[in-house]
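Enquirer: Below you'll find protein.tsv; it's TSV, C-alpha atoms and all ligand atoms.
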```tsv
chain	number	residue	atom	x	y	z
K	1	MET	CA	-25.97	-2.24	22.17
K	2	ALA	CA	-23.81	0.77	23.00
K	3	GLU	CA	-25.18	4.27	23.41
K	4	ILE	CA	-23.97	6.59	20.63
K	5	GLY	CA	-23.61	10.25	21.61
K	6	GLN	CA	-21.50	13.40	21.63
K	7	ASP	CA	-21.06	13.75	25.37
K	8	ILE	CA	-17.31	14.24	25.87
K	9	GLN	CA	-17.72	14.45	29.66
K	10	LYS	CA	-19.38	11.09	29.75
K	11	ALA	CA	-16.58	9.59	27.67
K	12	VAL	CA	-14.00	11.10	30.05
K	13	GLU	CA	-15.72	9.52	33.06
K	14	ILE	CA	-15.91	6.08	31.47
K	15	LEU	CA	-12.22	6.21	30.55
K	16	ARG	CA	-11.30	7.37	34.09
K	17	ARG	CA	-13.14	4.35	35.49
K	18	GLY	CA	-10.85	2.11	33.41
K	19	GLU	CA	-13.57	1.10	30.96
K	20	LEU	CA	-13.56	1.23	27.15
K	21	ILE	CA	-15.28	3.52	24.68
K	22	GLY	CA	-15.49	3.83	20.90
K	23	MET	CA	-13.42	6.95	20.14
K	24	PRO	CA	-13.54	8.99	16.94
K	25	THR	CA	-10.39	10.29	15.28
K	26	GLU	CA	-9.73	11.85	11.86
K	27	THR	CA	-8.32	8.52	10.60
K	28	VAL	CA	-10.57	5.72	11.87
K	29	TYR	CA	-12.50	5.03	15.10
K	30	GLY	CA	-10.50	3.53	17.95
K	31	LEU	CA	-11.33	1.09	20.74
K	32	ALA	CA	-10.05	3.29	23.54
K	33	GLY	CA	-8.94	2.74	27.12
K	34	ASN	CA	-6.41	3.92	29.73
K	35	ALA	CA	-3.01	2.78	28.45
K	36	LEU	CA	-1.47	2.85	31.93
K	37	ASN	CA	-4.02	0.40	33.36
K	38	GLU	CA	-3.04	-3.19	32.53
K	39	LYS	CA	-6.50	-4.56	33.19
K	40	THR	CA	-7.97	-2.07	30.75
K	41	VAL	CA	-5.34	-2.90	28.14
K	42	LEU	CA	-6.06	-6.63	28.53
K	43	GLU	CA	-9.73	-5.85	27.97
K	44	ILE	CA	-8.86	-4.07	24.69
K	45	PHE	CA	-7.04	-7.18	23.41
K	46	LYS	CA	-9.97	-9.34	24.50
K	47	VAL	CA	-12.77	-7.24	22.97
K	48	LYS	CA	-10.85	-6.94	19.70
K	49	ASN	CA	-9.83	-10.59	19.77
K	50	ARG	CA	-6.34	-9.35	19.02
K	51	PRO	CA	-3.20	-11.43	19.61
K	52	LYS	CA	-1.00	-9.95	22.33
K	53	PHE	CA	2.02	-9.89	20.02
K	54	ASP	CA	0.37	-7.03	18.11
K	55	PRO	CA	1.12	-3.81	20.04
K	56	LEU	CA	-1.17	-0.80	20.53
K	57	ILE	CA	-0.92	2.88	19.63
K	58	ILE	CA	-1.22	5.40	22.48
K	59	HIS	CA	-2.88	8.77	21.97
K	60	THR	CA	-2.53	12.10	23.71
K	61	ASP	CA	-3.23	15.76	22.94
K	62	THR	CA	0.07	17.64	23.27
K	63	LEU	CA	3.76	17.07	22.66
K	64	ASP	CA	4.47	18.07	26.29
K	65	LYS	CA	2.25	15.27	27.55
K	66	ALA	CA	3.73	12.84	25.03
K	67	GLN	CA	7.16	13.49	26.59
K	68	LEU	CA	5.90	12.03	29.87
K	69	TRP	CA	5.75	8.62	28.22
K	70	ILE	CA	8.66	8.65	25.76
K	71	GLN	CA	12.40	8.97	26.33
K	72	GLY	CA	12.92	11.79	23.85
K	73	LEU	CA	12.73	12.68	20.20
K	74	PRO	CA	15.44	11.89	17.62
K	75	HIS	CA	15.92	14.99	15.47
K	76	HIS	CA	13.87	13.70	12.52
K	77	ALA	CA	11.08	12.80	14.95
K	78	LYS	CA	11.11	16.31	16.33
K	79	ARG	CA	10.86	17.78	12.87
K	80	LEU	CA	8.00	15.43	11.96
K	81	ALA	CA	6.14	16.12	15.22
K	82	GLU	CA	6.33	19.85	14.53
K	83	ALA	CA	5.18	19.41	10.95
K	84	PHE	CA	2.43	16.79	11.29
K	85	TRP	CA	1.06	16.61	14.85
K	86	PRO	CA	-1.81	16.76	15.47
K	87	GLY	CA	-2.50	14.52	12.50
K	88	PRO	CA	-2.55	11.05	10.93
K	89	MET	CA	1.02	10.14	11.94
K	90	THR	CA	2.21	7.60	14.51
K	91	MET	CA	5.85	7.46	15.59
K	92	LEU	CA	7.67	4.55	17.22
K	93	LEU	CA	9.72	6.04	20.08
K	94	GLU	CA	11.63	4.68	23.05
K	95	LYS	CA	9.12	4.29	25.88
K	96	LYS	CA	9.42	5.18	29.54
K	97	SER	CA	8.76	2.39	32.03
K	98	LEU	CA	5.37	3.90	32.94
K	99	ILE	CA	4.02	2.37	29.74
K	100	PRO	CA	3.16	-1.28	30.44
K	101	ASP	CA	5.05	-3.83	28.34
K	102	LEU	CA	1.67	-5.26	27.41
K	103	VAL	CA	0.98	-2.10	25.35
K	104	THR	CA	4.12	-2.57	23.23
K	105	SER	CA	4.08	-6.40	23.20
K	106	GLY	CA	7.40	-6.27	25.03
K	107	LEU	CA	9.06	-4.02	22.43
K	108	PRO	CA	11.21	-1.13	23.73
K	109	ARG	CA	9.42	1.43	21.57
K	110	VAL	CA	5.87	2.64	21.91
K	111	ALA	CA	3.68	3.81	19.02
K	112	ILE	CA	2.38	7.29	19.82
K	113	ARG	CA	0.09	9.73	18.05
K	114	ILE	CA	-1.65	13.09	18.56
K	115	PRO	CA	-4.94	12.96	16.63
K	116	SER	CA	-6.30	16.12	15.03
K	117	LEU	CA	-10.06	15.76	15.40
K	118	ASP	CA	-11.20	18.57	17.75
K	119	MET	CA	-13.54	16.32	19.71
K	120	THR	CA	-10.76	13.79	20.33
K	121	ARG	CA	-8.28	16.42	21.45
K	122	GLU	CA	-10.84	17.91	23.81
K	123	LEU	CA	-11.38	14.44	25.28
K	124	LEU	CA	-7.66	13.70	25.58
K	125	SER	CA	-6.95	17.12	27.13
K	126	GLN	CA	-9.05	16.14	30.14
K	127	LEU	CA	-7.07	12.94	30.81
K	128	ASP	CA	-3.78	12.64	32.67
K	129	PHE	CA	-3.07	9.26	31.06
K	130	PRO	CA	-2.51	8.27	27.42
K	131	VAL	CA	-5.28	6.41	25.65
K	132	ALA	CA	-4.48	3.10	23.96
K	133	ALA	CA	-6.65	2.72	20.88
K	134	PRO	CA	-6.38	0.16	18.13
K	135	SER	CA	-8.90	0.49	15.33
K	136	ALA	CA	-12.32	-0.47	16.70
K	137	ASN	CA	-12.88	-3.58	14.60
K	138	PRO	CA	-12.47	-7.26	15.38
K	139	PHE	CA	-8.90	-8.34	14.52
K	140	GLY	CA	-8.41	-8.82	10.78
K	141	PHE	CA	-11.50	-6.89	9.66
K	142	VAL	CA	-11.94	-3.53	7.94
K	143	SER	CA	-11.47	-0.49	10.22
K	144	PRO	CA	-14.54	1.58	11.19
K	145	THR	CA	-14.98	5.09	9.81
K	146	SER	CA	-18.27	5.95	11.56
K	147	ALA	CA	-19.84	5.45	14.99
K	148	GLN	CA	-22.37	3.09	13.42
K	149	HIS	CA	-19.56	0.88	12.06
K	150	VAL	CA	-18.27	0.50	15.62
K	151	GLN	CA	-21.78	-0.26	16.83
K	152	ASP	CA	-22.25	-2.93	14.16
K	153	GLN	CA	-19.16	-4.89	15.16
K	154	LEU	CA	-18.40	-4.14	18.81
K	155	GLY	CA	-21.59	-2.47	20.10
K	156	ASP	CA	-22.54	-5.38	22.36
K	157	GLN	CA	-19.22	-5.08	24.22
K	158	LEU	CA	-19.19	-1.31	24.79
K	159	SER	CA	-21.36	1.03	26.82
K	160	TYR	CA	-20.56	4.24	24.91
K	161	ILE	CA	-19.42	5.31	21.45
K	162	LEU	CA	-18.42	8.95	21.13
K	163	ASP	CA	-19.74	10.17	17.79
K	164	GLY	CA	-17.38	12.45	15.90
K	165	GLY	CA	-19.07	11.93	12.53
K	166	ALA	CA	-17.55	10.27	9.48
K	167	CYS	CA	-13.73	10.13	9.54
K	168	ALA	CA	-12.25	12.78	7.26
K	169	VAL	CA	-9.11	10.81	6.37
K	170	GLY	CA	-10.63	7.33	6.41
K	171	LEU	CA	-7.31	5.43	6.41
K	172	GLU	CA	-5.25	4.66	9.52
K	173	SER	CA	-2.26	6.76	10.50
K	174	THR	CA	1.11	6.33	8.83
K	175	VAL	CA	3.45	4.43	11.20
K	176	ILE	CA	7.03	5.74	11.19
K	177	GLY	CA	10.16	4.39	12.88
K	178	PHE	CA	13.77	5.55	13.08
K	179	GLU	CA	17.02	3.59	12.64
K	180	GLY	CA	20.12	5.71	13.08
K	181	ASN	CA	19.60	8.60	10.69
K	182	GLU	CA	17.03	6.71	8.62
K	183	VAL	CA	13.29	7.29	8.61
K	184	ILE	CA	11.26	4.17	7.91
K	185	ILE	CA	7.57	3.86	7.06
K	186	HIS	CA	6.20	0.69	8.66
K	187	ARG	CA	2.60	1.29	7.65
K	188	LEU	CA	1.40	3.45	4.75
K	189	GLY	CA	-1.48	5.64	5.87
K	190	GLY	CA	-3.09	9.06	6.02
K	191	LEU	CA	0.19	11.00	6.00
K	192	GLN	CA	1.76	10.72	2.57
K	193	LEU	CA	5.31	9.54	1.91
K	194	GLU	CA	5.95	12.63	-0.21
K	195	GLN	CA	4.98	14.91	2.70
K	196	ILE	CA	7.41	13.12	5.01
K	197	GLU	CA	10.27	13.34	2.52
K	198	GLU	CA	9.64	17.02	2.02
K	199	ALA	CA	9.65	17.69	5.77
K	200	ILE	CA	12.92	15.87	6.47
K	201	GLY	CA	14.57	16.80	3.17
K	202	ASP	CA	15.61	13.21	2.56
K	203	LYS	CA	14.36	9.89	1.19
K	204	VAL	CA	12.43	7.57	3.46
K	205	LYS	CA	12.50	3.81	3.37
K	206	VAL	CA	9.28	1.81	3.14
K	207	GLN	CA	9.53	-1.42	5.07
K	208	LEU	CA	6.08	-2.87	5.58
K	209	ASN	CA	5.85	-5.75	7.93
K	210	GLN	CA	3.99	-8.83	6.88
K	211	SER	CA	5.49	-11.88	8.57
K	212	SER	CA	4.57	-13.37	11.92
K	213	ASN	CA	7.09	-11.59	14.11
K	214	PRO	CA	7.33	-8.16	12.57
K	215	SER	CA	7.82	-4.83	14.25
K	216	ALA	CA	4.34	-3.75	13.11
K	217	PRO	CA	2.57	-7.09	13.32
K	218	GLY	CA	-0.81	-5.53	12.54
K	219	MET	CA	0.45	-5.43	9.01
K	220	LEU	CA	-0.05	-9.18	8.60
K	221	LYS	CA	-0.67	-9.83	4.96
K	222	SER	CA	-4.33	-10.81	5.08
K	223	HIS	CA	-5.96	-8.00	6.97
K	224	TYR	CA	-8.86	-5.69	6.14
K	225	SER	CA	-10.92	-8.70	5.15
K	226	PRO	CA	-14.35	-7.84	3.72
K	227	GLY	CA	-15.28	-11.55	3.97
K	228	LYS	CA	-15.55	-12.01	0.19
K	229	PRO	CA	-12.99	-12.53	-2.57
K	230	VAL	CA	-11.45	-9.27	-3.82
K	231	ILE	CA	-9.92	-9.09	-7.30
K	232	ILE	CA	-7.67	-6.19	-8.28
K	233	GLY	CA	-7.48	-5.76	-12.05
K	234	GLU	CA	-9.05	-4.28	-15.16
K	235	ILE	CA	-12.62	-3.94	-13.93
K	236	GLN	CA	-14.24	-3.91	-17.40
K	237	GLU	CA	-12.45	-7.12	-18.38
K	238	GLU	CA	-13.10	-8.87	-15.05
K	239	LEU	CA	-16.81	-8.02	-15.33
K	240	THR	CA	-17.06	-10.26	-18.41
K	241	LYS	CA	-15.65	-13.20	-16.40
K	242	HIS	CA	-17.70	-13.03	-13.19
K	243	GLU	CA	-21.38	-13.09	-12.36
K	244	ASN	CA	-22.83	-11.21	-9.43
K	245	ALA	CA	-19.76	-9.04	-8.91
K	246	GLY	CA	-19.70	-5.76	-6.99
K	247	VAL	CA	-17.39	-2.96	-8.13
K	248	ILE	CA	-15.30	-0.47	-6.19
K	249	SER	CA	-13.71	1.92	-8.70
K	250	PHE	CA	-11.65	5.07	-8.43
K	251	ASP	CA	-13.42	7.48	-10.79
K	252	GLN	CA	-15.09	5.46	-13.51
K	253	ASP	CA	-18.76	4.45	-13.65
K	254	PHE	CA	-19.21	0.84	-14.84
K	255	GLY	CA	-23.00	0.95	-14.73
K	256	VAL	CA	-23.38	-2.17	-12.56
K	257	LYS	CA	-25.95	-2.51	-9.79
K	258	ASN	CA	-23.63	-2.89	-6.82
K	259	GLN	CA	-20.99	-0.27	-7.38
K	260	VAL	CA	-19.16	2.42	-5.45
K	261	VAL	CA	-17.32	5.09	-7.46
K	262	LEU	CA	-15.01	6.45	-4.79
K	263	SER	CA	-14.34	9.82	-6.42
K	264	SER	CA	-15.89	10.74	-9.74
K	265	LYS	CA	-13.57	13.74	-9.88
K	266	GLY	CA	-10.52	11.50	-9.41
K	267	ASP	CA	-9.48	12.87	-6.03
K	268	LEU	CA	-7.36	10.41	-3.97
K	269	ALA	CA	-8.25	11.99	-0.60
K	270	GLU	CA	-11.95	11.64	-1.33
K	271	ALA	CA	-11.39	8.05	-2.48
K	272	ALA	CA	-9.44	7.20	0.69
K	273	ALA	CA	-12.17	8.64	2.91
K	274	GLY	CA	-14.78	6.36	1.34
K	275	LEU	CA	-12.76	3.16	0.88
K	276	PHE	CA	-13.56	1.26	4.10
K	277	ALA	CA	-17.26	2.15	3.95
K	278	ALA	CA	-17.29	0.81	0.38
K	279	LEU	CA	-15.73	-2.49	1.49
K	280	ARG	CA	-18.37	-2.75	4.24
K	281	LYS	CA	-21.15	-2.01	1.80
K	282	MET	CA	-19.95	-4.82	-0.47
K	283	ARG	CA	-19.71	-7.16	2.49
K	284	GLU	CA	-23.33	-6.44	3.41
K	285	SER	CA	-24.67	-6.64	-0.15
K	286	ASP	CA	-25.43	-9.94	-1.85
K	287	VAL	CA	-22.52	-9.78	-4.31
K	288	SER	CA	-20.34	-12.87	-4.33
K	289	LEU	CA	-17.07	-11.10	-5.09
K	290	ILE	CA	-15.61	-7.60	-5.29
K	291	LEU	CA	-13.82	-6.20	-8.32
K	292	THR	CA	-11.51	-3.26	-7.88
K	293	GLN	CA	-8.53	-1.65	-9.54
K	294	LYS	CA	-4.99	-0.53	-8.90
K	295	PHE	CA	-4.92	3.15	-7.90
K	296	PRO	CA	-2.22	5.63	-8.99
K	297	ASP	CA	0.83	4.75	-6.89
K	298	ILE	CA	1.39	8.24	-5.52
K	299	GLY	CA	0.32	10.06	-2.34
K	300	LEU	CA	-2.69	8.45	-0.68
K	301	GLY	CA	-2.93	6.06	-3.64
K	302	ARG	CA	-0.06	4.07	-2.11
K	303	ALA	CA	-1.99	3.49	1.11
K	304	ILE	CA	-5.20	2.70	-0.79
K	305	ASN	CA	-3.32	0.10	-2.89
K	306	ASP	CA	-1.82	-1.36	0.28
K	307	ARG	CA	-5.25	-1.81	1.92
K	308	LEU	CA	-6.73	-3.29	-1.26
K	309	ARG	CA	-3.83	-5.76	-1.59
K	310	ARG	CA	-4.39	-6.88	1.99
K	311	ALA	CA	-8.15	-7.12	1.49
K	312	ALA	CA	-7.43	-9.30	-1.56
K	313	ALA	CA	-4.88	-11.55	0.20
K	314	LYS	CA	-6.08	-15.04	1.04
H	401	LIG	O1	-5.09	5.76	12.70
H	401	LIG	C1	-4.73	4.95	13.56
H	401	LIG	O2	-3.54	4.70	13.77
H	401	LIG	C2	-5.82	4.27	14.40
H	401	LIG	C3	-6.51	5.34	15.25
H	401	LIG	C4	-7.52	4.78	16.20
H	401	LIG	O3	-5.54	6.09	15.92
H	401	LIG	N1	-5.29	3.21	15.18
H	401	LIG	C5	-4.84	2.06	14.61
H	401	LIG	O4	-4.39	1.10	15.52
H	401	LIG	O5	-4.86	1.84	13.42
H	401	LIG	P1	-4.13	-0.41	15.14
H	401	LIG	O6	-3.86	-1.05	16.45
H	401	LIG	O7	-5.27	-0.93	14.37
H	401	LIG	O8	-2.82	-0.41	14.30
H	401	LIG	C6	-1.60	-0.10	14.94
H	401	LIG	C7	-0.43	-0.46	14.09
H	401	LIG	C8	-0.30	-1.95	13.95
H	401	LIG	O9	0.19	-2.23	12.66
H	401	LIG	C9	0.72	-2.29	15.03
H	401	LIG	O10	1.38	-3.49	14.77
H	401	LIG	C10	1.64	-1.09	14.94
H	401	LIG	O11	0.77	-0.01	14.70
H	401	LIG	N2	2.35	-0.87	16.20
H	401	LIG	C11	1.82	-0.50	17.37
H	401	LIG	N3	2.77	-0.42	18.33
H	401	LIG	C12	3.93	-0.76	17.75
H	401	LIG	C13	5.28	-0.89	18.22
H	401	LIG	N4	5.60	-0.64	19.48
H	401	LIG	N5	6.21	-1.26	17.33
H	401	LIG	C14	5.88	-1.50	16.06
H	401	LIG	N6	4.64	-1.41	15.54
H	401	LIG	C15	3.67	-1.04	16.38
H	402	MG	MG	-6.27	-1.99	12.95
```
Please go through the file and, once you have read it, give me the structure as structure tokens.
Expert:
Amino acid sequence: MAEIGQDIQKAVEILRRGELIGMPTETVYGLAGNALNEKTVLEIFKVKNRPKFDPLIIHTDTLDKAQLWIQGLPHHAKRLAEAFWPGPMTMLLEKKSLIPDLVTSGLPRVAIRIPSLDMTRELLSQLDFPVAAPSANPFGFVSPTSAQHVQDQLGDQLSYILDGGACAVGLESTVIGFEGNEVIIHRLGGLQLEQIEEAIGDKVKVQLNQSSNPSAPGMLKSHYSPGKPVIIGEIQEELTKHENAGVISFDQDFGVKNQVVLSSKGDLAEAAAGLFAALRKMRESDVSLILTQKFPDIGLGRAINDRLRRAAAK
């Protein structure tokens, strides 16, 4: 089992040695290692059991440092960086050759992000290399939103998990790319579409990738698997059709034994923060299937619906 602790210095030393740690961020926990060290990056793919065609996000603490590893910022990217970094936003930008092709699965652009959690930024500020960090879950499973989640699934392959508490956002970062003057969302996440449109003063295109050779291959259709059937529908009606069902609802109490009401006050941010923990809870309970609902298709509701659709995909 891994040690769980809050010793940033210890995490820095492990990363400098080219080894991996569990790293907190405001979105989800990452499986972190030196992105410039190919052996380390190979180890990330191995521990996560992730196919090498699915590229990794690199993390750093300032825009100045980010410029060491990217070719420059298109003007929309600059605007977005100013508005939303540090934060739950990842941008796909032309990489410099320092970034190993392994990190980007041979693609010319690297996914880069400046996380906002203080502990993470403190850690990253002490490193002169970017940190590659996919979500710290085995490929295809639900992302971890606490140190214990990382321990449960990858603890036997790590020596240290830096504990930054429960993730405040609870959904992965929004992945954004640029084509000419267009801004494209490749993964819905913690930064809302509406916020992006407001910042650039224009519409954005949503182009989620789901096939086998996409530009964000991690968006394969069946992802976020809780290991049990998930049905999205009218919960009350579905409850009459299924025995031994667990319920994950937005704000309504259905009075069943295995139930998570994500936000009784109907707050989408609160619901997002609790979603992955709820899926894990259902996985660990003895329910034979999970009933859930469609969320309002606005703001974080879009990303919640996306994760639920993927959890429900066969
Ligand atoms: O919130 C997050 O983004 C978390 C925390 C740890 O930062 N990380 C995360 O990483 O969710 P991961 O590896 O689970 O998801 C990364 C997503 C995948 O969908 C991947 O395909 C896409 O970003 N991606 C990474 N590099 C890419 C690239 N060069 N081009 C296109 N898509 C890329
Ligand atoms: Mg992931």
Enquirer: If the limit is 10 Å from any atom of ligand MG 402 (chain H), counting only C-alpha atoms and all ligand atoms, which residues qualify? Return them as number ranges by chain.
Expert: K: 28-31, 48, 50, 54, 56-57, 133-144, 171-173, 218-219, 223-224
Enquirer: For those residues, write C-alpha atoms to a file as a PDB file, keeping the file's coordinate frame.
Expert:
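Output below, filename part04.pdb:
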```pdb
ATOM      1  CA  VAL K  28     -10.570   5.720  11.870  1.00  0.00           C
ATOM      2  CA  TYR K  29     -12.500   5.030  15.100  1.00  0.00           C
ATOM      3  CA  GLY K  30     -10.500   3.530  17.950  1.00  0.00           C
ATOM      4  CA  LEU K  31     -11.330   1.090  20.740  1.00  0.00           C
ATOM      5  CA  LYS K  48     -10.850  -6.940  19.700  1.00  0.00           C
ATOM      6  CA  ARG K  50      -6.340  -9.350  19.020  1.00  0.00           C
ATOM      7  CA  ASP K  54       0.370  -7.030  18.110  1.00  0.00           C
ATOM      8  CA  LEU K  56      -1.170  -0.800  20.530  1.00  0.00           C
ATOM      9  CA  ILE K  57      -0.920   2.880  19.630  1.00  0.00           C
ATOM     10  CA  ALA K 133      -6.650   2.720  20.880  1.00  0.00           C
ATOM     11  CA  PRO K 134      -6.380   0.160  18.130  1.00  0.00           C
ATOM     12  CA  SER K 135      -8.900   0.490  15.330  1.00  0.00           C
ATOM     13  CA  ALA K 136     -12.320  -0.470  16.700  1.00  0.00           C
ATOM     14  CA  ASN K 137     -12.880  -3.580  14.600  1.00  0.00           C
ATOM     15  CA  PRO K 138     -12.470  -7.260  15.380  1.00  0.00           C
ATOM     16  CA  PHE K 139      -8.900  -8.340  14.520  1.00  0.00           C
ATOM     17  CA  GLY K 140      -8.410  -8.820  10.780  1.00  0.00           C
ATOM     18  CA  PHE K 141     -11.500  -6.890   9.660  1.00  0.00           C
ATOM     19  CA  VAL K 142     -11.940  -3.530   7.940  1.00  0.00           C
ATOM     20  CA  SER K 143     -11.470  -0.490  10.220  1.00  0.00           C
ATOM     21  CA  PRO K 144     -14.540   1.580  11.190  1.00  0.00           C
ATOM     22  CA  LEU K 171      -7.310   5.430   6.410  1.00  0.00           C
ATOM     23  CA  GLU K 172      -5.250   4.660   9.520  1.00  0.00           C
ATOM     24  CA  SER K 173      -2.260   6.760  10.500  1.00  0.00           C
ATOM     25  CA  GLY K 218      -0.810  -5.530  12.540  1.00  0.00           C
ATOM     26  CA  MET K 219       0.450  -5.430   9.010  1.00  0.00           C
ATOM     27  CA  HIS K 223      -5.960  -8.000   6.970  1.00  0.00           C
ATOM     28  CA  TYR K 224      -8.860  -5.690   6.140  1.00  0.00           C
TER      29      TYR K 224
END
```
Enquirer: Looking at K:Ile58, K:Leu275, K:Ala147, K:Leu262, which one is nearest to Val103 of chain K, with distances taken over all atoms listed in the file?
Expert: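 Closest residue, counting all atoms listed in the file: K:Ile58.
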Enquirer: From the set K:Leu93, K:Leu15, K:Ala272, K:Ile8, which residue has the shortest atom-to-atom contact distance to Asp118 of chain K, counting all atoms listed in the file?
Expert: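 Smallest distance to Asp118 of chain K is found for K:Ile8.
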Enquirer: For the atom pair atom O3 of ligand LIG 401 (chain H) and atom CA of Leu107 of chain K, what is the interatomic distance in Å to one decimal place?
Expert: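 Straight-line distance from atom O3 of ligand LIG 401 (chain H) to atom CA of Leu107 of chain K works out to 18.9 Å.
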Enquirer: List the neighbours of Ile14 of chain K out to 12 Å using only C-alpha atoms; skip same-chain residues closer than 5 positions along the sequence, and give me the result as an MDAnalysis selection string.
Expert: chainID K and resid 7:9 19:23 32:34 40 123 127 158:162
Enquirer: Have a look at K:His149, K:His76, K:Lys10, K:Lys95 and name the one nearest to ligand LIG 401 (chain H); count all atoms listed in the file.
Expert: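 Closest candidate: K:Lys95.
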Enquirer: Please identify all polymer residues within 7 Å of Ala273 of chain K, counting all atoms listed in the file, omitting same-chain residues fewer than 3 positions from it, and present them as a compact mmCIF listing (two decimals) with C-alpha atoms, in the frame of the given file.
Expert:
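Written output follows (around_9.txt):
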```txt
# COMPACT_ATOMS: atom_id res chain seq x y z
CA CYS K 167 -13.73 10.13 9.54
CA ALA K 168 -12.25 12.78 7.26
CA VAL K 169 -9.11 10.81 6.37
CA GLY K 170 -10.63 7.33 6.41
CA LEU K 171 -7.31 5.43 6.41
CA ALA K 269 -8.25 11.99 -0.60
CA GLU K 270 -11.95 11.64 -1.33
```
Enquirer: Record the distance separating atom CA of His59 of chain K and atom CA of Glu82 of chain K, expressed in Å with one decimal.
Expert: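 Going from atom CA of His59 of chain K over to atom CA of Glu82 of chain K, I get 16.2 Å.
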Enquirer: Could you work out how far atom CA of Pro86 of chain K lies from atom CA of Gln195 of chain K, giving the answer in Å with one decimal?
Expert: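 Value for the atom CA of Gln195 of chain K-atom CA of Pro86 of chain K distance: 14.6 Å.
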Enquirer: From the list K:Ile112, K:Leu80, K:Leu124, K:Ala166, which residue is nearest ligand LIG 401 (chain H) when using all atoms listed in the file?
Expert: K:Ile112
Enquirer: Would you compute, for all listed atoms of ligand LIG 401 (chain H), the axis-aligned bounding box grown by 3 Å on each side, and then report its centre and edge lengths in Å rounded to one decimal, as lines of an AutoDock Vina configuration file?
Expert:
```
center_x = -0.7
center_y = 1.3
center_z = 16.1
size_x = 19.7
size_y = 15.6
size_z = 12.8
```
Enquirer: Hey, what's within 10 Å of Leu239 of chain K if we count all atoms listed in the file and toss same-chain stuff fewer than 5 positions away? As a PyMOL selection string, please?
Expert: chain K and resi 234+244-247+254+256+291
Enquirer: Extract, using only C-alpha atoms, all DNA, RNA and protein residues at most 9 Å from Ile304 of chain K, discarding same-chain residues fewer than 4 positions from it, and format them as an NGL selection string.
Expert: :K and (171 or 188-189 or 268 or 271-272 or 275 or 294-295 or 297 or 300 or 308-309)
Enquirer: Find the residues around Lys52 of chain K up to 8 Å (all atoms listed in the file counted), leave out those fewer than 5 positions away in its own chain, and share them as a PyMOL selection string.
Expert: chain K and resi 45+102+105
Enquirer: Given the selection you just returned, output its residues as a file containing C-alpha atoms, formatted as a PDB file, keeping the file's coordinate frame.
Expert:
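And here's part-v8.pdb as it stands now:
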```pdb
ATOM      1  CA  PHE K  45      -7.040  -7.180  23.410  1.00  0.00           C
ATOM      2  CA  LEU K 102       1.670  -5.260  27.410  1.00  0.00           C
ATOM      3  CA  SER K 105       4.080  -6.400  23.200  1.00  0.00           C
TER       4      SER K 105
END
```
